[in-house]
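Enquirer: Enclosed is the structure file protein-v2.cif (mmCIF, C-alpha atoms).
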```cif
data_query
#
loop_
_atom_site.label_atom_id
_atom_site.label_comp_id
_atom_site.auth_asym_id
_atom_site.auth_seq_id
_atom_site.Cartn_x
_atom_site.Cartn_y
_atom_site.Cartn_z
CA MET J 1 49.68 125.89 127.62
CA ALA J 2 49.19 122.66 125.65
CA GLU J 3 51.59 119.78 126.12
CA CYS J 4 54.77 120.30 124.09
CA ASN J 5 55.07 118.11 120.99
CA HIS J 6 58.60 119.42 120.25
CA ASP J 7 57.51 120.84 116.90
CA CYS J 8 58.41 124.52 117.25
CA SER J 9 57.20 125.30 113.72
CA SER J 10 53.60 124.64 114.78
CA CYS J 11 53.80 126.51 118.09
CA GLY J 12 53.32 130.17 118.90
CA GLU J 13 54.73 130.00 122.42
CA SER J 14 58.09 131.42 123.46
CA CYS J 15 60.11 129.27 125.80
CA GLY J 16 63.71 128.57 126.69
CA GLU J 17 63.85 125.48 124.49
CA ARG J 18 62.36 127.08 121.40
CA GLN J 19 64.30 126.70 118.15
CA GLU J 20 63.57 129.00 115.25
CA ASN J 21 62.88 127.16 111.98
CA PRO J 22 63.91 123.74 113.38
CA GLY J 23 65.02 121.38 110.66
CA VAL J 24 64.36 123.96 107.93
CA GLN J 25 66.98 124.18 105.23
CA GLN J 26 66.99 126.29 102.09
CA ALA J 27 66.57 124.39 98.85
CA PRO J 28 69.90 124.15 97.01
CA MET J 29 70.58 126.09 93.84
CA ASN J 30 71.93 124.01 90.96
CA LYS J 31 75.31 124.61 89.32
CA PHE J 32 73.70 126.04 86.17
CA SER J 33 72.00 128.89 88.00
CA ASN J 34 73.06 132.06 89.78
CA VAL J 35 70.18 134.19 91.09
CA LYS J 36 71.45 137.37 92.73
CA LYS J 37 68.20 138.69 94.24
CA VAL J 38 64.82 137.12 95.03
CA ILE J 39 61.73 139.30 95.50
CA GLY J 40 58.44 137.70 96.58
CA VAL J 41 55.20 139.32 95.43
CA VAL J 42 52.38 138.55 97.84
CA SER J 43 48.84 139.55 98.73
CA GLY J 44 46.67 138.92 101.74
CA LYS J 45 43.75 137.87 99.55
CA GLY J 46 43.02 137.10 95.91
CA GLY J 47 41.67 139.45 93.30
CA VAL J 48 43.88 142.46 93.95
CA GLY J 49 46.10 142.10 90.87
CA LYS J 50 49.14 140.41 92.38
CA SER J 51 50.09 138.48 89.24
CA SER J 52 49.67 141.48 86.95
CA VAL J 53 51.88 143.54 89.29
CA THR J 54 54.46 140.72 89.31
CA SER J 55 54.44 140.65 85.51
CA MET J 56 54.78 144.43 85.19
CA LEU J 57 57.58 144.59 87.78
CA ALA J 58 59.46 141.88 85.88
CA SER J 59 58.92 143.72 82.61
CA ALA J 60 60.08 147.02 84.11
CA ALA J 61 63.23 145.39 85.47
CA ARG J 62 63.90 143.84 82.08
CA LYS J 63 63.45 147.21 80.33
CA ALA J 64 65.98 148.61 82.80
CA GLY J 65 68.55 146.16 81.42
CA LYS J 66 68.43 143.47 84.10
CA THR J 67 68.34 139.74 83.53
CA VAL J 68 64.99 138.71 84.99
CA ALA J 69 63.12 135.56 85.94
CA VAL J 70 59.64 134.84 87.24
CA LEU J 71 58.92 131.79 89.37
CA ASP J 72 55.17 131.20 89.48
CA ALA J 73 54.59 129.81 92.97
CA ASP J 74 50.81 130.13 92.68
CA ILE J 75 50.52 126.46 91.77
CA THR J 76 46.74 126.16 92.00
CA GLY J 77 46.03 129.49 90.26
CA PRO J 78 48.89 130.10 87.81
CA SER J 79 48.58 133.30 85.76
CA ILE J 80 52.10 134.09 84.59
CA PRO J 81 52.12 132.12 81.29
CA LYS J 82 48.84 133.73 80.21
CA ALA J 83 50.05 137.25 81.02
CA PHE J 84 53.24 136.79 79.01
CA GLY J 85 51.63 134.88 76.14
CA LEU J 86 53.62 131.70 76.80
CA THR J 87 51.97 128.71 75.12
CA GLU J 88 54.81 126.27 74.41
CA LYS J 89 55.49 123.77 77.17
CA ALA J 90 58.73 123.89 79.16
CA GLN J 91 61.39 121.48 77.93
CA GLY J 92 64.18 119.46 79.57
CA ASN J 93 67.70 118.54 78.54
CA GLY J 94 67.84 115.21 80.31
CA GLU J 95 69.34 116.76 83.44
CA MET J 96 67.49 120.01 84.10
CA ILE J 97 64.19 121.71 83.30
CA LEU J 98 64.59 124.60 80.87
CA PRO J 99 62.44 127.67 81.61
CA SER J 100 60.25 129.26 78.98
CA ILE J 101 61.42 132.64 77.69
CA THR J 102 59.18 135.62 76.93
CA LYS J 103 59.59 137.84 73.89
CA SER J 104 61.70 140.35 75.88
CA GLY J 105 63.91 137.64 77.38
CA ILE J 106 62.32 137.06 80.80
CA LYS J 107 62.73 133.46 81.96
CA ALA J 108 59.62 131.91 83.50
CA MET J 109 58.54 128.68 85.11
CA SER J 110 54.96 127.79 86.02
CA ILE J 111 52.99 124.61 86.55
CA ASN J 112 50.90 125.56 83.51
CA LEU J 113 54.02 125.19 81.39
CA LEU J 114 54.12 121.53 82.39
CA LEU J 115 50.44 120.53 82.36
CA GLU J 116 48.97 118.98 79.22
CA ASN J 117 46.06 121.44 79.27
CA GLU J 118 46.26 124.87 80.91
CA THR J 119 42.76 124.42 82.37
CA ASP J 120 43.62 121.16 84.15
CA PRO J 121 43.14 121.70 87.92
CA VAL J 122 45.96 121.07 90.36
CA VAL J 123 44.38 119.18 93.25
CA TRP J 124 47.35 118.64 95.56
CA ARG J 125 47.91 118.96 99.27
CA GLY J 126 50.28 121.48 100.83
CA PRO J 127 53.44 119.33 101.09
CA ILE J 128 53.26 118.44 97.39
CA LEU J 129 52.78 122.08 96.43
CA GLY J 130 55.82 122.99 98.52
CA GLY J 131 57.86 120.26 96.85
CA VAL J 132 57.02 121.60 93.38
CA ILE J 133 58.18 125.09 94.35
CA GLU J 134 61.47 123.71 95.64
CA GLN J 135 61.86 121.83 92.34
CA PHE J 136 61.23 125.02 90.39
CA TRP J 137 64.08 126.60 92.34
CA SER J 138 66.52 123.67 92.38
CA ASP J 139 65.82 121.76 89.14
CA VAL J 140 65.35 124.60 86.64
CA CYS J 141 68.32 125.88 84.65
CA TRP J 142 67.86 129.59 85.35
CA GLY J 143 71.32 130.75 84.29
CA ASP J 144 72.60 134.14 85.50
CA ILE J 145 69.69 136.18 86.87
CA ASP J 146 69.90 139.66 88.40
CA VAL J 147 66.45 139.50 89.98
CA MET J 148 63.83 136.78 90.29
CA PHE J 149 60.24 137.68 91.11
CA VAL J 150 58.24 134.97 92.86
CA ASP J 151 54.50 135.22 92.25
CA MET J 152 53.07 133.72 95.44
CA PRO J 153 49.51 132.57 96.13
CA PRO J 154 47.35 134.83 98.29
CA GLY J 155 47.30 134.38 102.04
CA THR J 156 49.75 133.20 104.67
CA GLY J 157 49.51 129.42 104.27
CA ASP J 158 51.74 126.49 103.37
CA VAL J 159 53.11 127.81 100.09
CA ALA J 160 54.10 131.20 101.51
CA LEU J 161 55.85 129.39 104.36
CA THR J 162 57.69 127.15 101.87
CA VAL J 163 58.91 130.13 99.85
CA TYR J 164 60.09 132.03 102.93
CA GLN J 165 61.92 129.02 104.35
CA SER J 166 63.24 127.34 101.19
CA LEU J 167 64.23 130.28 98.97
CA PRO J 168 66.72 133.07 99.84
CA VAL J 169 64.07 135.81 99.73
CA ASP J 170 65.63 139.27 99.93
CA GLY J 171 62.35 141.12 100.34
CA ILE J 172 58.66 141.08 99.49
CA VAL J 173 56.26 143.40 97.71
CA ILE J 174 52.73 143.33 99.13
CA VAL J 175 49.91 144.08 96.70
CA THR J 176 46.60 145.38 98.01
CA SER J 177 43.54 147.44 97.08
CA PRO J 178 42.00 150.40 98.93
CA GLN J 179 39.28 148.69 101.01
CA GLU J 180 39.73 148.80 104.77
CA LEU J 181 39.02 145.04 104.96
CA VAL J 182 41.91 144.35 102.59
CA GLY J 183 44.10 146.66 104.66
CA MET J 184 43.49 144.47 107.70
CA ILE J 185 44.53 141.41 105.70
CA VAL J 186 47.63 143.22 104.44
CA GLU J 187 48.75 143.66 108.03
CA LYS J 188 48.60 139.88 108.43
CA ALA J 189 51.00 139.52 105.50
CA VAL J 190 53.30 142.16 106.97
CA LYS J 191 53.32 140.42 110.36
CA MET J 192 54.05 137.04 108.76
CA ALA J 193 57.03 138.56 106.98
CA GLU J 194 58.25 139.95 110.31
CA LEU J 195 57.92 136.51 111.92
CA MET J 196 60.02 135.02 109.11
CA ASN J 197 62.58 137.87 109.25
CA ILE J 198 61.82 138.86 105.66
CA PRO J 199 61.86 142.64 104.98
CA VAL J 200 58.85 144.24 103.32
CA SER J 201 60.41 146.15 100.43
CA ALA J 202 57.29 147.92 99.18
CA LEU J 203 53.52 148.21 99.25
CA VAL J 204 51.56 148.47 96.01
CA GLU J 205 47.97 149.64 96.11
CA ASN J 206 46.32 148.45 92.91
CA MET J 207 43.06 149.93 91.59
CA SER J 208 43.71 152.92 93.81
CA TYR J 209 41.68 155.30 91.67
CA PHE J 210 40.18 155.80 88.22
CA LYS J 211 41.34 158.79 86.22
CA CYS J 212 38.63 160.14 83.93
CA PRO J 213 40.00 160.35 80.37
CA ASP J 214 37.76 163.35 79.65
CA CYS J 215 38.26 165.68 82.61
CA GLY J 216 41.33 164.15 84.26
CA LYS J 217 39.65 163.94 87.66
CA GLU J 218 40.58 161.03 89.91
CA HIS J 219 37.69 158.97 91.30
CA LYS J 220 38.19 156.66 94.31
CA ILE J 221 36.01 153.77 93.15
CA PHE J 222 36.88 151.51 96.10
CA GLY J 223 37.05 154.24 98.72
CA GLU J 224 39.85 156.25 100.25
CA SER J 225 43.35 154.83 100.34
CA ASN J 226 44.76 153.59 103.65
CA ILE J 227 48.08 152.33 102.34
CA ASP J 228 50.07 155.33 103.61
CA GLY J 229 48.92 154.66 107.18
CA ILE J 230 49.96 151.01 106.97
CA ALA J 231 53.33 151.97 105.47
CA ALA J 232 53.95 154.51 108.23
CA LYS J 233 52.92 152.05 110.94
CA TYR J 234 55.49 149.48 109.81
CA GLY J 235 58.20 151.81 108.52
CA ILE J 236 57.83 150.82 104.86
CA GLN J 237 59.34 153.49 102.64
CA ALA J 238 58.37 152.47 99.11
CA VAL J 239 54.69 152.87 98.22
CA ALA J 240 53.10 152.82 94.77
CA LYS J 241 49.48 153.64 93.93
CA LEU J 242 48.27 152.27 90.60
CA PRO J 243 45.19 153.55 88.78
CA MET J 244 42.47 151.31 87.39
CA ASN J 245 43.54 150.69 83.81
CA PRO J 246 41.49 148.48 81.46
CA GLU J 247 44.52 148.21 79.19
CA ILE J 248 46.36 146.17 81.84
CA ALA J 249 43.54 143.63 82.06
CA LYS J 250 43.39 143.47 78.28
CA ALA J 251 47.15 142.94 78.04
CA CYS J 252 47.03 140.08 80.56
CA ASP J 253 44.27 138.43 78.53
CA LEU J 254 46.17 138.85 75.26
CA GLY J 255 49.58 137.88 76.69
CA THR J 256 51.09 141.29 75.94
CA ILE J 257 51.83 142.51 79.47
CA GLU J 258 55.40 143.39 78.40
CA ASP J 259 53.97 146.14 76.18
CA ILE J 260 52.43 147.98 79.15
CA GLN J 261 54.32 151.02 80.42
CA CYS J 262 53.62 151.67 84.10
CA ASP J 263 55.73 154.57 85.37
CA GLU J 264 54.91 153.90 89.03
CA LEU J 265 56.18 150.31 88.83
CA ALA J 266 59.18 151.34 86.73
CA GLU J 267 60.32 153.55 89.61
CA LEU J 268 59.62 150.76 92.11
CA ALA J 269 61.61 148.28 90.02
CA LYS J 270 64.62 150.60 90.18
CA LEU J 271 64.36 150.71 93.97
CA LEU J 272 64.13 146.94 94.19
#
```
Mind turning this structure into structure tokens?
Expert:
Amino acid sequence: MAECNHDCSSCGESCGERQENPGVQQAPMNKFSNVKKVIGVVSGKGGVGKSSVTSMLASAARKAGKTVAVLDADITGPSIPKAFGLTEKAQGNGEMILPSITKSGIKAMSINLLLENETDPVVWRGPILGGVIEQFWSDVCWGDIDVMFVDMPPGTGDVALTVYQSLPVDGIVIVTSPQELVGMIVEKAVKMAELMNIPVSALVENMSYFKCPDCGKEHKIFGESNIDGIAAKYGIQAVAKLPMNPEIAKACDLGTIEDIQCDELAELAKLL
């Protein structure tokens, strides 16, 4: 075993002097905000539709009559403003940052709502990224929110750690696709959640199949699903399998994701 540097957060060893989350403290919520439930939406890798699933879950919860917010924690690859058609920059009132509001009333905050140009890259190191996420939680006037969805960057790095440690996350939804390789990466995300004592609320397999509009037959474009096996292995009850749907991609491009009706995610939103 390497010599102890007394930083338990960087160590995988178990010893009698170990302290869980030493020095870690949740970011404070401001007096203008009351968020009842926080759901993180994560993926082991990029390109599986995590942001579109986040947007549709938020829309489904809003259609169910809940007050909803989306915190875009994917600082270097923000997609939420584009999906919801948000173009006006976020404003302030001299004391707090005011979130942007979608046409259905979902409150949203993203780095792209603060940048001068939406295509400007964010070239920041991990600690700065983490600080921005804490600011989005503490310095934004969210108001009364029934459920906040946090769109997290792919992987198990600095930003995911910041969200788990700084925000009162009630559960996470892991988004994946059918490939076996992706399934292996999903297990990494599940195990990280276990390490952080965050429950996995649901698994969503995106692009699970393509349903032919002519004959109605389902085609497994990316191979057979393995999500049920992963869910059974880790005791995850809620599983949703989403078909490949060009209309979803089109809606994200046009900023009309709130117009998409996804029955599978509507049911999942009720469970969450």
Enquirer: Counting all atoms listed in the file, which of J:Ala69, J:Val42, J:Val53, J:Val140 gets nearest to Asn93 (chain J)?
Expert: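 Looking only at the distances to Asn93 (chain J), the closest residue turns out to be J:Val140.
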Enquirer: Interatomic distance between CA of Ile221 (chain J) and CA of Asn206 (chain J)?
Expert: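 These two atoms are separated by 11.6 Å.
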Enquirer: Pull out every residue that the PyMOL selection byres ((chain J and resi 96) around 6) matches in the shown coordinates and put them as number ranges by chain.
Expert: J: 92-93, 95, 97, 139-141
Enquirer: Name the closest residue to Ala108 (chain J) among the candidates J:Lys191, J:Lys37, J:Arg125, J:Lys82; distances are taken between atoms, counting all atoms listed in the file.
Expert: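 The shortest atom-to-atom distance to Ala108 (chain J) comes from J:Lys82.
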Enquirer: Where does the PyMOL selection byres ((chain J and resi 35) around 7) land in this file, that is, which residues does it pick, as an mmCIF file with C-alpha atoms, keeping the file's coordinate frame?
Expert:
```cif
data_model
loop_
_atom_site.group_PDB
_atom_site.id
_atom_site.type_symbol
_atom_site.label_atom_id
_atom_site.label_comp_id
_atom_site.auth_asym_id
_atom_site.auth_seq_id
_atom_site.Cartn_x
_atom_site.Cartn_y
_atom_site.Cartn_z
ATOM 1 C CA SER J 33 72.000 128.890 88.000
ATOM 2 C CA ASN J 34 73.060 132.060 89.780
ATOM 3 C CA LYS J 36 71.450 137.370 92.730
ATOM 4 C CA LYS J 37 68.200 138.690 94.240
ATOM 5 C CA ASP J 144 72.600 134.140 85.500
ATOM 6 C CA ILE J 145 69.690 136.180 86.870
ATOM 7 C CA ASP J 146 69.900 139.660 88.400
ATOM 8 C CA VAL J 147 66.450 139.500 89.980
ATOM 9 C CA MET J 148 63.830 136.780 90.290
#
```
Enquirer: Counting only C-alpha atoms, which residue out of J:Glu218, J:Glu267, J:Glu134, J:Asp120 sits closest to Thr162 (chain J)?
Expert: J:Glu134
Enquirer: Select from region 98-189 of chain J every residue with an atom at most 9 Å from any atom of region 70-76 of chain J, then for each give the shortest pair of atoms and their distance in Å to one decimal, using only C-alpha atoms, rows by chain and rising number, as a tab-separated table.
Expert:
```
residue	atom	partner	partner_atom	distance
J:Ile106	CA	J:Val70	CA	7.3
J:Lys107	CA	J:Val70	CA	6.3
J:Ala108	CA	J:Val70	CA	4.8
J:Met109	CA	J:Leu71	CA	5.3
J:Ser110	CA	J:Asp72	CA	4.9
J:Ile111	CA	J:Ile75	CA	6.1
J:Asn112	CA	J:Ile75	CA	8.3
J:Pro121	CA	J:Thr76	CA	7.0
J:Val122	CA	J:Thr76	CA	5.4
J:Val123	CA	J:Thr76	CA	7.5
J:Trp124	CA	J:Thr76	CA	8.3
J:Leu129	CA	J:Ile75	CA	6.8
J:Gly130	CA	J:Ala73	CA	8.9
J:Val132	CA	J:Ile75	CA	8.3
J:Ile133	CA	J:Ala73	CA	6.1
J:Phe136	CA	J:Leu71	CA	7.2
J:Trp137	CA	J:Leu71	CA	7.9
J:Val147	CA	J:Val70	CA	8.7
J:Met148	CA	J:Val70	CA	5.5
J:Phe149	CA	J:Val70	CA	4.8
J:Val150	CA	J:Leu71	CA	4.8
J:Asp151	CA	J:Asp72	CA	4.9
J:Met152	CA	J:Ala73	CA	4.9
J:Pro153	CA	J:Asp74	CA	4.4
J:Pro154	CA	J:Asp74	CA	8.1
J:Val159	CA	J:Ala73	CA	7.5
J:Ala160	CA	J:Ala73	CA	8.7
J:Val163	CA	J:Ala73	CA	8.1
```
Enquirer: Point out the residue among J:Gly105, J:Gly223, J:Gly157, J:Gly85 with the least atom-to-atom distance to Ala58 (chain J), counting only C-alpha atoms.
Expert: J:Gly105
Enquirer: Give as number ranges by chain the residues that the PyMOL selection byres ((chain J and resi 201) around 8) matches when applied to the coordinates above.
Expert: J: 171-173, 199-200, 202-203, 236-238, 272
Enquirer: Between CA of Ser138 (chain J) and CA of Pro28 (chain J), what is the spacing in Å?
Expert: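 Between CA of Pro28 (chain J) and CA of Ser138 (chain J) the gap works out to 5.8 Å.
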Enquirer: Can you tell me how far CA of Cys262 (chain J) sits from CA of Glu194 (chain J), in Å to one decimal?
Expert: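 For CA of Cys262 (chain J) relative to CA of Glu194 (chain J), the distance reads 29.1 Å.
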Enquirer: Show me, as a list in words, the residues that have an atom within 10 Å of Gln25 (chain J) when counting all atoms listed in the file, minus same-chain residues fewer than 5 positions from it.
Expert: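 Non-adjacent residues within range: Gln165, Ser166 and Leu167 of chain J.
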Enquirer: Show me, as a PyMOL selection string, the residues that have an atom within 10 Å of Tyr164 (chain J) when counting only C-alpha atoms, minus same-chain residues fewer than 5 positions from it.
Expert: chain J and resi 26+40+159+169-172+192-193+196-198
Enquirer: My list of candidates is J:Gly126, J:Pro99, J:Gly155, J:Gly131. Which is closest to Ile174 (chain J) when distances are computed with all atoms listed in the file?
Expert: J:Gly155
Enquirer: Find, counting only C-alpha atoms, the residue in J:Ala269, J:Val204, J:Val190, J:Ile260 that gets nearest to Ala61 (chain J).
Expert: J:Ala269
Enquirer: Considering all atoms listed in the file, return as a list in words whatever protein or nucleic-acid residues lie within 8 Å of Thr176 (chain J), sequence-local ones (same chain, fewer than 6 positions apart) excluded.
Expert: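 Counting all atoms listed in the file, the residues come to Ser43, Gly44, Val48, Gly49, Lys50, Val182, Gly183, Val186, Leu203, Val204, Glu205 and Asn206 of chain J.
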